[in-house]
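**Student:** Structure below; questions to follow.
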Amino acid sequence: MNNISHKITINFKQENRKISLDVPEGENILQHFEKSGEKLPFSCRNGCCTTCAVKIISGTIDQSQGIGLSKQMQSRGYGLLCIAIAIAQAELETQEDDEVYELQFGKYLGSIKNKAGNPFDI
Ligand code: FES
């Protein structure tokens with residue numbers, strides 16, 4: 001049995017507090033915090049929507065199961081809590097609603113035009 005665990009600290013910006021837990025290696029970080037009674041932001045739980053996005057302040061998380069965050073966003077230090085697996089000590093910071101979604105998709109959504117024009121311009 002693997003008894004290794006890693007200290008994961010989450011700076012929960014929306015609630016202005018820091019939470020630290022020892023998460024067993026290989027365990028899902030969001031689920032472990034929830035089991036401990038900590039309700040963190042999430043929606044799809046499938047690595048797709050970015051509701052659970054965090055900024056990785058220090059350390060490392062395994063987020064190889066996620067498809068909702070581009071390699072470019074990952075290289076800028078963002079991660080998704082719902083698919084994050086504990087593999088080392090890490091400090092993470094929750095993001096404001098839609099902050100990461102806008103960074104990743106905003107430029108594309110803003111450029112979408114159809115031949116009939118924008119229905120919101122009426
Ligand atoms: S809850 Fe949707 S990406 Fe994590």
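Following the order of the structure tokens, first chain is A, next is B, and so on, with residues numbered from 1 inside each chain and ligands from 1 in the order they appear.
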Please provide the set of residues having any atom within 6 Å of stretch 85-94 of chain A, restricted to only C-alpha atoms, with same-chain residues fewer than 2 positions apart removed, written as JSON, numbers by chain.

**Tutor:** {"A": [6, 7, 8, 9, 10, 11, 12, 13, 25, 26, 27, 28, 29, 54, 55, 56, 57, 58, 59, 60, 61, 62]}

**Student:** Could you pull out the residues sitting within 7 Å of ligand 1, using only C-alpha atoms and all ligand atoms, and write them as an MDAnalysis selection string?

**Tutor:** chainID A and resid 42:53 68 80:83

**Student:** One number please: atom CA of A:Phe33 to atom CA of A:Arg76, in Å, one decimal.

**Tutor:**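 Atom-to-atom, atom CA of A:Phe33 and atom CA of A:Arg76 are spaced 24.5 Å apart.
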
**Student:** Looking only at the backbone, which of the residues in chain A does DSSP tag as alpha helix (DSSP H), as a VMD selection string?

**Tutor:** chain A and resid 29 to 35 71 to 75 99 to 109

**Student:** Restricted to N, CA and C atoms, what would the selected residues look like written as a PDB file, in the first residue's frame?

**Tutor:**
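Resulting contents of part.pdb:
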ATOM      1  N   ILE A  29      -7.703  15.543  -6.525  1.00  0.00           N
ATOM      2  CA  ILE A  29      -7.597  16.620  -5.529  1.00  0.00           C
ATOM      3  C   ILE A  29      -8.963  17.196  -5.182  1.00  0.00           C
ATOM      4  N   LEU A  30      -9.802  17.484  -6.172  1.00  0.00           N
ATOM      5  CA  LEU A  30     -11.134  18.050  -5.891  1.00  0.00           C
ATOM      6  C   LEU A  30     -11.939  17.091  -5.015  1.00  0.00           C
ATOM      7  N   GLN A  31     -11.942  15.813  -5.362  1.00  0.00           N
ATOM      8  CA  GLN A  31     -12.722  14.836  -4.596  1.00  0.00           C
ATOM      9  C   GLN A  31     -12.196  14.712  -3.169  1.00  0.00           C
ATOM     10  N   HIS A  32     -10.886  14.773  -3.009  1.00  0.00           N
ATOM     11  CA  HIS A  32     -10.324  14.659  -1.663  1.00  0.00           C
ATOM     12  C   HIS A  32     -10.742  15.853  -0.796  1.00  0.00           C
ATOM     13  N   PHE A  33     -10.714  17.050  -1.358  1.00  0.00           N
ATOM     14  CA  PHE A  33     -11.149  18.225  -0.599  1.00  0.00           C
ATOM     15  C   PHE A  33     -12.638  18.116  -0.270  1.00  0.00           C
ATOM     16  N   GLU A  34     -13.435  17.638  -1.214  1.00  0.00           N
ATOM     17  CA  GLU A  34     -14.878  17.480  -0.960  1.00  0.00           C
ATOM     18  C   GLU A  34     -15.134  16.467   0.156  1.00  0.00           C
ATOM     19  N   LYS A  35     -14.386  15.376   0.161  1.00  0.00           N
ATOM     20  CA  LYS A  35     -14.548  14.369   1.224  1.00  0.00           C
ATOM     21  C   LYS A  35     -14.243  14.970   2.595  1.00  0.00           C
ATOM     22  N   LYS A  71      -2.833  23.296 -24.272  1.00  0.00           N
ATOM     23  CA  LYS A  71      -1.427  23.171 -23.848  1.00  0.00           C
ATOM     24  C   LYS A  71      -0.841  24.549 -23.567  1.00  0.00           C
ATOM     25  N   GLN A  72      -1.274  25.548 -24.332  1.00  0.00           N
ATOM     26  CA  GLN A  72      -0.782  26.913 -24.125  1.00  0.00           C
ATOM     27  C   GLN A  72      -1.200  27.423 -22.741  1.00  0.00           C
ATOM     28  N   MET A  73      -2.465  27.184 -22.350  1.00  0.00           N
ATOM     29  CA  MET A  73      -2.940  27.625 -21.036  1.00  0.00           C
ATOM     30  C   MET A  73      -2.231  26.841 -19.927  1.00  0.00           C
ATOM     31  N   GLN A  74      -1.993  25.563 -20.161  1.00  0.00           N
ATOM     32  CA  GLN A  74      -1.254  24.773 -19.169  1.00  0.00           C
ATOM     33  C   GLN A  74       0.157  25.317 -19.018  1.00  0.00           C
ATOM     34  N   SER A  75       0.776  25.685 -20.122  1.00  0.00           N
ATOM     35  CA  SER A  75       2.148  26.209 -20.033  1.00  0.00           C
ATOM     36  C   SER A  75       2.180  27.582 -19.368  1.00  0.00           C
ATOM     37  N   GLU A  99     -12.931  33.638 -15.907  1.00  0.00           N
ATOM     38  CA  GLU A  99     -11.619  34.241 -16.186  1.00  0.00           C
ATOM     39  C   GLU A  99     -10.807  33.384 -17.164  1.00  0.00           C
ATOM     40  N   VAL A 100     -10.684  32.109 -16.871  1.00  0.00           N
ATOM     41  CA  VAL A 100      -9.891  31.229 -17.723  1.00  0.00           C
ATOM     42  C   VAL A 100     -10.637  30.931 -19.024  1.00  0.00           C
ATOM     43  N   TYR A 101     -11.950  30.797 -18.940  1.00  0.00           N
ATOM     44  CA  TYR A 101     -12.756  30.570 -20.152  1.00  0.00           C
ATOM     45  C   TYR A 101     -12.538  31.722 -21.144  1.00  0.00           C
ATOM     46  N   GLU A 102     -12.586  32.946 -20.643  1.00  0.00           N
ATOM     47  CA  GLU A 102     -12.375  34.120 -21.504  1.00  0.00           C
ATOM     48  C   GLU A 102     -10.966  34.139 -22.087  1.00  0.00           C
ATOM     49  N   LEU A 103      -9.973  33.808 -21.253  1.00  0.00           N
ATOM     50  CA  LEU A 103      -8.588  33.800 -21.739  1.00  0.00           C
ATOM     51  C   LEU A 103      -8.419  32.788 -22.870  1.00  0.00           C
ATOM     52  N   GLN A 104      -9.088  31.655 -22.725  1.00  0.00           N
ATOM     53  CA  GLN A 104      -8.894  30.586 -23.697  1.00  0.00           C
ATOM     54  C   GLN A 104      -9.782  30.734 -24.931  1.00  0.00           C
ATOM     55  N   PHE A 105     -11.041  31.131 -24.729  1.00  0.00           N
ATOM     56  CA  PHE A 105     -12.001  31.121 -25.831  1.00  0.00           C
ATOM     57  C   PHE A 105     -12.489  32.502 -26.254  1.00  0.00           C
ATOM     58  N   GLY A 106     -12.261  33.515 -25.436  1.00  0.00           N
ATOM     59  CA  GLY A 106     -12.836  34.829 -25.694  1.00  0.00           C
ATOM     60  C   GLY A 106     -12.510  35.381 -27.062  1.00  0.00           C
ATOM     61  N   LYS A 107     -11.254  35.244 -27.490  1.00  0.00           N
ATOM     62  CA  LYS A 107     -10.866  35.811 -28.782  1.00  0.00           C
ATOM     63  C   LYS A 107     -11.582  35.123 -29.935  1.00  0.00           C
ATOM     64  N   TYR A 108     -11.905  33.829 -29.749  1.00  0.00           N
ATOM     65  CA  TYR A 108     -12.608  33.108 -30.814  1.00  0.00           C
ATOM     66  C   TYR A 108     -14.084  33.481 -30.834  1.00  0.00           C
ATOM     67  N   LEU A 109     -14.691  33.537 -29.662  1.00  0.00           N
ATOM     68  CA  LEU A 109     -16.117  33.856 -29.601  1.00  0.00           C
ATOM     69  C   LEU A 109     -16.368  35.270 -30.081  1.00  0.00           C
TER      70      LEU A 109
END
